[in-house]
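See structure below.
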Amino acid sequence: MIPEFLVTHSGGFHADELLSSVILTRLFPQARLIRSRAPEWLAPGADRIIYDVGGAYDPDARIFDHHQRGAPLRDDGQPYSSFGLIWKHYGRDYLAASGVPEAHVETIHGSFDASFVLPVDLVDNGALSPAVAGKLAGLTLPALLETLKPVFDETDPEADDHAFHAAFAIARSFVEARIAQSAAKLRAEALVHQAIVDAGEARILELPMGMPFRPAIVKAGADHLLFVVHPRDKDWCLTTIRRADEGFEARADLPAAWAGLTNGDLEAACGVKGASFCHNGRFVAAARTREAALAMAELAVDEAVSAGSVEVAAAE
């Protein structure tokens, strides 16, 4: 039965029920969101889903709490919050309702759970401290959402509800954007894979537009690739390929002589008419035409080969 009510607790809020509400309201837009601790609302019924309150985890009765003794754990023993439980039971339907192709649903469900849902679960249960983020602790999503709570001496009796709905809109934006990015990466993977096939043994990968490319390059084992070229709105971009997901070290840097130069100065330094920009960090450059971007890429490859960068990249 399609629920008429989505019930969570009233008062102060945390990231887990906010994010759970994002999932459920997308699936059941006609349902009324109720924030209450009144017994009549917390009683199970065919007309409602109850989450982050209710004192039980009973999917058949559609109660998804995690505060009680014997609360559910993941297969690896890590705790769920209400967000993890709602994502476990409704996440795949949410993805389908969001337009994610069926072939990608399971992949995105798992990756979103591991990278987005699980950290929220752990923080909510006290199993992970935001302090591990160091100076960024206050900028983690759970911390930022909680800053939207009313201040302690707010006298408006409806302040908590107003703040909840304001925070809910922000939480929804993050979830939708993250899912959209994940879906886009999978779409890009097919395009990058075909470009790798077309490139053969060339050191330069040409793409039809800017897109996430490193995961597909790694998945394809294309260790020979050093640079990527693609069109932008009004020019062409030449970029390096990072060695790892974390950090900025590239398989090969752009030539040191280009660093920080633009237009005529860059043209003089590289000898390519149409060269327009090179970042001082030597990880991205631009050119006015495709031919200029490819010529710059060839020069960068030649320098990397002579400097021995290719051997290092091929050994990754």
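Naming works like this for the structure tokens: A, B, ... for the chains as they're shown, residue 1 at the start of each chain, ligands 1 onward in shown order.
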Strand (DSSP E) residues, from DSSP on the backbone, in range 29-217 of chain A, as a PyMOL selection string: chain A and resi 32-35+48-51+57-58+63-64+204-206
For N, CA and C atoms, I'd like the residues from the last selection saved as an mmCIF file, in the first residue's frame.
```cif
data_model
loop_
_atom_site.group_PDB
_atom_site.id
_atom_site.type_symbol
_atom_site.label_atom_id
_atom_site.label_comp_id
_atom_site.auth_asym_id
_atom_site.auth_seq_id
_atom_site.Cartn_x
_atom_site.Cartn_y
_atom_site.Cartn_z
ATOM 1 N N ARG A 32 2.183 12.774 3.317
ATOM 2 C CA ARG A 32 2.390 13.921 4.211
ATOM 3 C C ARG A 32 3.506 13.597 5.195
ATOM 4 N N LEU A 33 4.462 14.493 5.322
ATOM 5 C CA LEU A 33 5.575 14.305 6.249
ATOM 6 C C LEU A 33 5.144 14.777 7.635
ATOM 7 N N ILE A 34 5.204 13.853 8.582
ATOM 8 C CA ILE A 34 4.775 14.139 9.957
ATOM 9 C C ILE A 34 5.987 14.074 10.883
ATOM 10 N N ARG A 35 6.189 15.111 11.671
ATOM 11 C CA ARG A 35 7.237 15.111 12.702
ATOM 12 C C ARG A 35 6.536 15.134 14.056
ATOM 13 N N ARG A 48 1.401 4.207 6.695
ATOM 14 C CA ARG A 48 2.557 5.029 7.067
ATOM 15 C C ARG A 48 3.875 4.279 7.027
ATOM 16 N N ILE A 49 4.954 5.052 6.894
ATOM 17 C CA ILE A 49 6.319 4.581 7.111
ATOM 18 C C ILE A 49 6.871 5.384 8.279
ATOM 19 N N ILE A 50 7.437 4.687 9.248
ATOM 20 C CA ILE A 50 7.972 5.322 10.449
ATOM 21 C C ILE A 50 9.482 5.131 10.461
ATOM 22 N N TYR A 51 10.240 6.197 10.669
ATOM 23 C CA TYR A 51 11.697 6.073 10.613
ATOM 24 C C TYR A 51 12.382 7.004 11.608
ATOM 25 N N TYR A 57 12.930 -2.189 14.449
ATOM 26 C CA TYR A 57 13.265 -2.326 13.032
ATOM 27 C C TYR A 57 12.448 -3.489 12.509
ATOM 28 N N ASP A 58 11.417 -3.166 11.746
ATOM 29 C CA ASP A 58 10.505 -4.166 11.221
ATOM 30 C C ASP A 58 10.093 -3.756 9.812
ATOM 31 N N ILE A 63 8.704 0.015 9.850
ATOM 32 C CA ILE A 63 9.294 0.788 10.938
ATOM 33 C C ILE A 63 10.806 0.653 10.823
ATOM 34 N N PHE A 64 11.500 1.784 10.808
ATOM 35 C CA PHE A 64 12.940 1.769 10.567
ATOM 36 C C PHE A 64 13.660 2.628 11.615
ATOM 37 N N ILE A 204 47.994 10.079 -26.299
ATOM 38 C CA ILE A 204 47.017 11.162 -26.115
ATOM 39 C C ILE A 204 45.617 10.615 -26.334
ATOM 40 N N LEU A 205 44.724 10.899 -25.403
ATOM 41 C CA LEU A 205 43.329 10.472 -25.509
ATOM 42 C C LEU A 205 42.482 11.673 -25.880
ATOM 43 N N GLU A 206 41.796 11.599 -27.007
ATOM 44 C CA GLU A 206 40.906 12.685 -27.418
ATOM 45 C C GLU A 206 39.466 12.308 -27.101
#
```
As a PDB file with C-alpha atoms, in the first residue's frame, please: every residue in range 124-243 of chain A that a backbone DSSP assignment puts in helix (DSSP H, G or I).
```
ATOM      1  CA  ASP A 124      25.000   9.313  13.833  1.00  0.00           C
ATOM      2  CA  PRO A 130      33.907  14.100  12.389  1.00  0.00           C
ATOM      3  CA  ALA A 131      37.170  15.064  14.122  1.00  0.00           C
ATOM      4  CA  VAL A 132      38.959  12.602  11.828  1.00  0.00           C
ATOM      5  CA  ALA A 133      38.501  15.282   9.167  1.00  0.00           C
ATOM      6  CA  GLY A 134      40.721  17.603  11.188  1.00  0.00           C
ATOM      7  CA  LYS A 135      40.092  21.265  10.444  1.00  0.00           C
ATOM      8  CA  LEU A 136      37.379  20.233   7.979  1.00  0.00           C
ATOM      9  CA  ALA A 137      35.335  18.525  10.722  1.00  0.00           C
ATOM     10  CA  GLY A 138      32.820  21.353  10.867  1.00  0.00           C
ATOM     11  CA  LEU A 139      32.378  21.212   7.108  1.00  0.00           C
ATOM     12  CA  LEU A 141      27.681  17.169   5.687  1.00  0.00           C
ATOM     13  CA  PRO A 142      26.224  15.996   9.042  1.00  0.00           C
ATOM     14  CA  ALA A 143      27.856  18.945  10.811  1.00  0.00           C
ATOM     15  CA  LEU A 144      26.703  21.464   8.231  1.00  0.00           C
ATOM     16  CA  LEU A 145      23.116  20.227   8.320  1.00  0.00           C
ATOM     17  CA  GLU A 146      23.052  20.469  12.102  1.00  0.00           C
ATOM     18  CA  ALA A 159      11.245  26.902  14.863  1.00  0.00           C
ATOM     19  CA  ASP A 160      12.328  23.246  14.771  1.00  0.00           C
ATOM     20  CA  ASP A 161       9.879  22.408  12.004  1.00  0.00           C
ATOM     21  CA  HIS A 162      10.796  25.472   9.966  1.00  0.00           C
ATOM     22  CA  ALA A 163      14.498  24.667  10.341  1.00  0.00           C
ATOM     23  CA  PHE A 164      13.912  21.007   9.456  1.00  0.00           C
ATOM     24  CA  HIS A 165      12.223  21.869   6.179  1.00  0.00           C
ATOM     25  CA  ALA A 166      14.888  24.426   5.283  1.00  0.00           C
ATOM     26  CA  ALA A 167      17.620  21.853   5.987  1.00  0.00           C
ATOM     27  CA  PHE A 168      15.639  19.209   4.112  1.00  0.00           C
ATOM     28  CA  ALA A 169      15.749  21.235   0.901  1.00  0.00           C
ATOM     29  CA  ILE A 170      19.525  21.550   1.190  1.00  0.00           C
ATOM     30  CA  ALA A 171      19.952  17.851   1.982  1.00  0.00           C
ATOM     31  CA  ARG A 172      17.876  16.955  -1.075  1.00  0.00           C
ATOM     32  CA  SER A 173      20.135  19.057  -3.285  1.00  0.00           C
ATOM     33  CA  PHE A 174      23.208  17.153  -2.095  1.00  0.00           C
ATOM     34  CA  VAL A 175      21.649  13.726  -2.582  1.00  0.00           C
ATOM     35  CA  GLU A 176      20.295  14.518  -6.035  1.00  0.00           C
ATOM     36  CA  ALA A 177      23.574  16.074  -7.162  1.00  0.00           C
ATOM     37  CA  ARG A 178      25.639  13.152  -5.879  1.00  0.00           C
ATOM     38  CA  ILE A 179      23.403  10.609  -7.615  1.00  0.00           C
ATOM     39  CA  ALA A 180      23.480  12.638 -10.829  1.00  0.00           C
ATOM     40  CA  GLN A 181      27.278  12.752 -10.711  1.00  0.00           C
ATOM     41  CA  SER A 182      27.494   8.994 -10.135  1.00  0.00           C
ATOM     42  CA  ALA A 183      25.156   8.303 -13.035  1.00  0.00           C
ATOM     43  CA  ALA A 184      27.144  10.675 -15.250  1.00  0.00           C
ATOM     44  CA  LYS A 185      30.400   8.898 -14.436  1.00  0.00           C
ATOM     45  CA  LEU A 186      28.930   5.622 -15.649  1.00  0.00           C
ATOM     46  CA  ARG A 187      27.707   7.256 -18.852  1.00  0.00           C
ATOM     47  CA  ALA A 188      31.149   8.770 -19.348  1.00  0.00           C
ATOM     48  CA  GLU A 189      32.826   5.409 -18.827  1.00  0.00           C
ATOM     49  CA  ALA A 190      31.360   4.038 -22.055  1.00  0.00           C
ATOM     50  CA  LEU A 191      32.464   7.105 -24.034  1.00  0.00           C
ATOM     51  CA  VAL A 192      35.974   7.051 -22.590  1.00  0.00           C
ATOM     52  CA  HIS A 193      36.306   3.325 -23.226  1.00  0.00           C
ATOM     53  CA  GLN A 194      35.484   3.818 -26.913  1.00  0.00           C
ATOM     54  CA  ALA A 195      37.951   6.703 -27.133  1.00  0.00           C
ATOM     55  CA  ILE A 196      40.650   4.468 -25.625  1.00  0.00           C
ATOM     56  CA  VAL A 197      39.945   1.844 -28.282  1.00  0.00           C
ATOM     57  CA  ASP A 198      40.135   4.507 -30.989  1.00  0.00           C
ATOM     58  CA  ALA A 199      43.405   5.896 -29.591  1.00  0.00           C
ATOM     59  CA  ARG A 214      40.346   8.659 -14.961  1.00  0.00           C
ATOM     60  CA  PRO A 215      38.188   5.752 -13.639  1.00  0.00           C
ATOM     61  CA  ALA A 216      37.636   4.405 -17.159  1.00  0.00           C
ATOM     62  CA  ILE A 217      41.337   4.777 -18.014  1.00  0.00           C
ATOM     63  CA  VAL A 218      42.324   2.834 -14.914  1.00  0.00           C
ATOM     64  CA  LYS A 219      39.627   0.200 -15.511  1.00  0.00           C
ATOM     65  CA  ALA A 220      40.852  -0.285 -19.085  1.00  0.00           C
TER      66      ALA A 220
END
```
Nearby residues (only C-alpha atoms) at most 10 Å from Ala250 in chain A, same-chain spacing under 2 positions excluded, as a ChimeraX atom specification: /A:226-227,239-244,247-248,252-254,282-283,309,313
Those same residues - N, CA, C and O atoms - I'd like them written as a PDB file, in the first residue's frame.
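What ended up in selection_32.pdb:
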```
ATOM      1  N   LEU A 226      48.997   9.486 -21.403  1.00  0.00           N
ATOM      2  CA  LEU A 226      49.616  10.529 -20.589  1.00  0.00           C
ATOM      3  C   LEU A 226      48.788  11.804 -20.514  1.00  0.00           C
ATOM      4  O   LEU A 226      48.804  12.488 -19.488  1.00  0.00           O
ATOM      5  N   PHE A 227      48.073  12.142 -21.591  1.00  0.00           N
ATOM      6  CA  PHE A 227      47.339  13.400 -21.627  1.00  0.00           C
ATOM      7  C   PHE A 227      45.976  13.206 -22.283  1.00  0.00           C
ATOM      8  O   PHE A 227      45.786  12.273 -23.083  1.00  0.00           O
ATOM      9  N   THR A 239      44.790  18.307 -20.659  1.00  0.00           N
ATOM     10  CA  THR A 239      44.932  18.057 -19.228  1.00  0.00           C
ATOM     11  C   THR A 239      45.761  16.809 -18.966  1.00  0.00           C
ATOM     12  O   THR A 239      45.863  15.915 -19.815  1.00  0.00           O
ATOM     13  N   THR A 240      46.351  16.765 -17.781  1.00  0.00           N
ATOM     14  CA  THR A 240      47.130  15.605 -17.369  1.00  0.00           C
ATOM     15  C   THR A 240      46.214  14.537 -16.791  1.00  0.00           C
ATOM     16  O   THR A 240      45.010  14.751 -16.616  1.00  0.00           O
ATOM     17  N   ILE A 241      46.779  13.379 -16.464  1.00  0.00           N
ATOM     18  CA  ILE A 241      46.043  12.261 -15.853  1.00  0.00           C
ATOM     19  C   ILE A 241      46.667  11.986 -14.492  1.00  0.00           C
ATOM     20  O   ILE A 241      47.863  11.691 -14.405  1.00  0.00           O
ATOM     21  N   ARG A 242      45.874  12.108 -13.440  1.00  0.00           N
ATOM     22  CA  ARG A 242      46.407  11.882 -12.097  1.00  0.00           C
ATOM     23  C   ARG A 242      46.786  10.415 -11.905  1.00  0.00           C
ATOM     24  O   ARG A 242      46.125   9.516 -12.429  1.00  0.00           O
ATOM     25  N   ARG A 243      47.827  10.194 -11.110  1.00  0.00           N
ATOM     26  CA  ARG A 243      48.274   8.828 -10.824  1.00  0.00           C
ATOM     27  C   ARG A 243      47.307   8.087  -9.907  1.00  0.00           C
ATOM     28  O   ARG A 243      47.165   6.872  -9.998  1.00  0.00           O
ATOM     29  N   ALA A 244      46.663   8.810  -8.995  1.00  0.00           N
ATOM     30  CA  ALA A 244      45.812   8.160  -7.986  1.00  0.00           C
ATOM     31  C   ALA A 244      44.566   9.002  -7.754  1.00  0.00           C
ATOM     32  O   ALA A 244      44.507  10.184  -8.126  1.00  0.00           O
ATOM     33  N   GLY A 247      45.291  13.090  -4.197  1.00  0.00           N
ATOM     34  CA  GLY A 247      46.516  13.784  -4.554  1.00  0.00           C
ATOM     35  C   GLY A 247      46.478  14.322  -5.972  1.00  0.00           C
ATOM     36  O   GLY A 247      45.527  14.094  -6.729  1.00  0.00           O
ATOM     37  N   PHE A 248      47.538  15.032  -6.336  1.00  0.00           N
ATOM     38  CA  PHE A 248      47.558  15.718  -7.619  1.00  0.00           C
ATOM     39  C   PHE A 248      48.734  15.296  -8.503  1.00  0.00           C
ATOM     40  O   PHE A 248      48.925  15.861  -9.573  1.00  0.00           O
ATOM     41  N   ALA A 252      52.361  12.482 -16.087  1.00  0.00           N
ATOM     42  CA  ALA A 252      53.370  13.360 -16.687  1.00  0.00           C
ATOM     43  C   ALA A 252      52.848  14.786 -16.594  1.00  0.00           C
ATOM     44  O   ALA A 252      51.661  15.031 -16.828  1.00  0.00           O
ATOM     45  N   ASP A 253      53.705  15.723 -16.235  1.00  0.00           N
ATOM     46  CA  ASP A 253      53.324  17.133 -16.162  1.00  0.00           C
ATOM     47  C   ASP A 253      53.495  17.789 -17.526  1.00  0.00           C
ATOM     48  O   ASP A 253      54.255  17.318 -18.385  1.00  0.00           O
ATOM     49  N   LEU A 254      52.812  18.885 -17.712  1.00  0.00           N
ATOM     50  CA  LEU A 254      53.051  19.704 -18.887  1.00  0.00           C
ATOM     51  C   LEU A 254      54.434  20.359 -18.757  1.00  0.00           C
ATOM     52  O   LEU A 254      54.959  20.504 -17.649  1.00  0.00           O
ATOM     53  N   ARG A 282      50.867  23.305 -14.037  1.00  0.00           N
ATOM     54  CA  ARG A 282      51.234  22.426 -15.164  1.00  0.00           C
ATOM     55  C   ARG A 282      50.352  21.181 -15.278  1.00  0.00           C
ATOM     56  O   ARG A 282      50.782  20.152 -15.774  1.00  0.00           O
ATOM     57  N   PHE A 283      49.098  21.298 -14.870  1.00  0.00           N
ATOM     58  CA  PHE A 283      48.189  20.162 -15.006  1.00  0.00           C
ATOM     59  C   PHE A 283      47.091  20.406 -16.030  1.00  0.00           C
ATOM     60  O   PHE A 283      46.374  19.481 -16.405  1.00  0.00           O
ATOM     61  N   SER A 309      59.324  10.045 -17.915  1.00  0.00           N
ATOM     62  CA  SER A 309      58.031   9.931 -17.232  1.00  0.00           C
ATOM     63  C   SER A 309      57.191   8.778 -17.745  1.00  0.00           C
ATOM     64  O   SER A 309      56.393   8.180 -17.024  1.00  0.00           O
ATOM     65  N   ALA A 313      54.987   5.895 -15.720  1.00  0.00           N
ATOM     66  CA  ALA A 313      53.545   5.728 -15.890  1.00  0.00           C
ATOM     67  C   ALA A 313      53.213   4.309 -16.291  1.00  0.00           C
ATOM     68  O   ALA A 313      52.250   3.710 -15.809  1.00  0.00           O
TER      69      ALA A 313
END
```
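One finds CA of Ser21 in chain A at 15.2 Å from CA of Arg92 in chain A.
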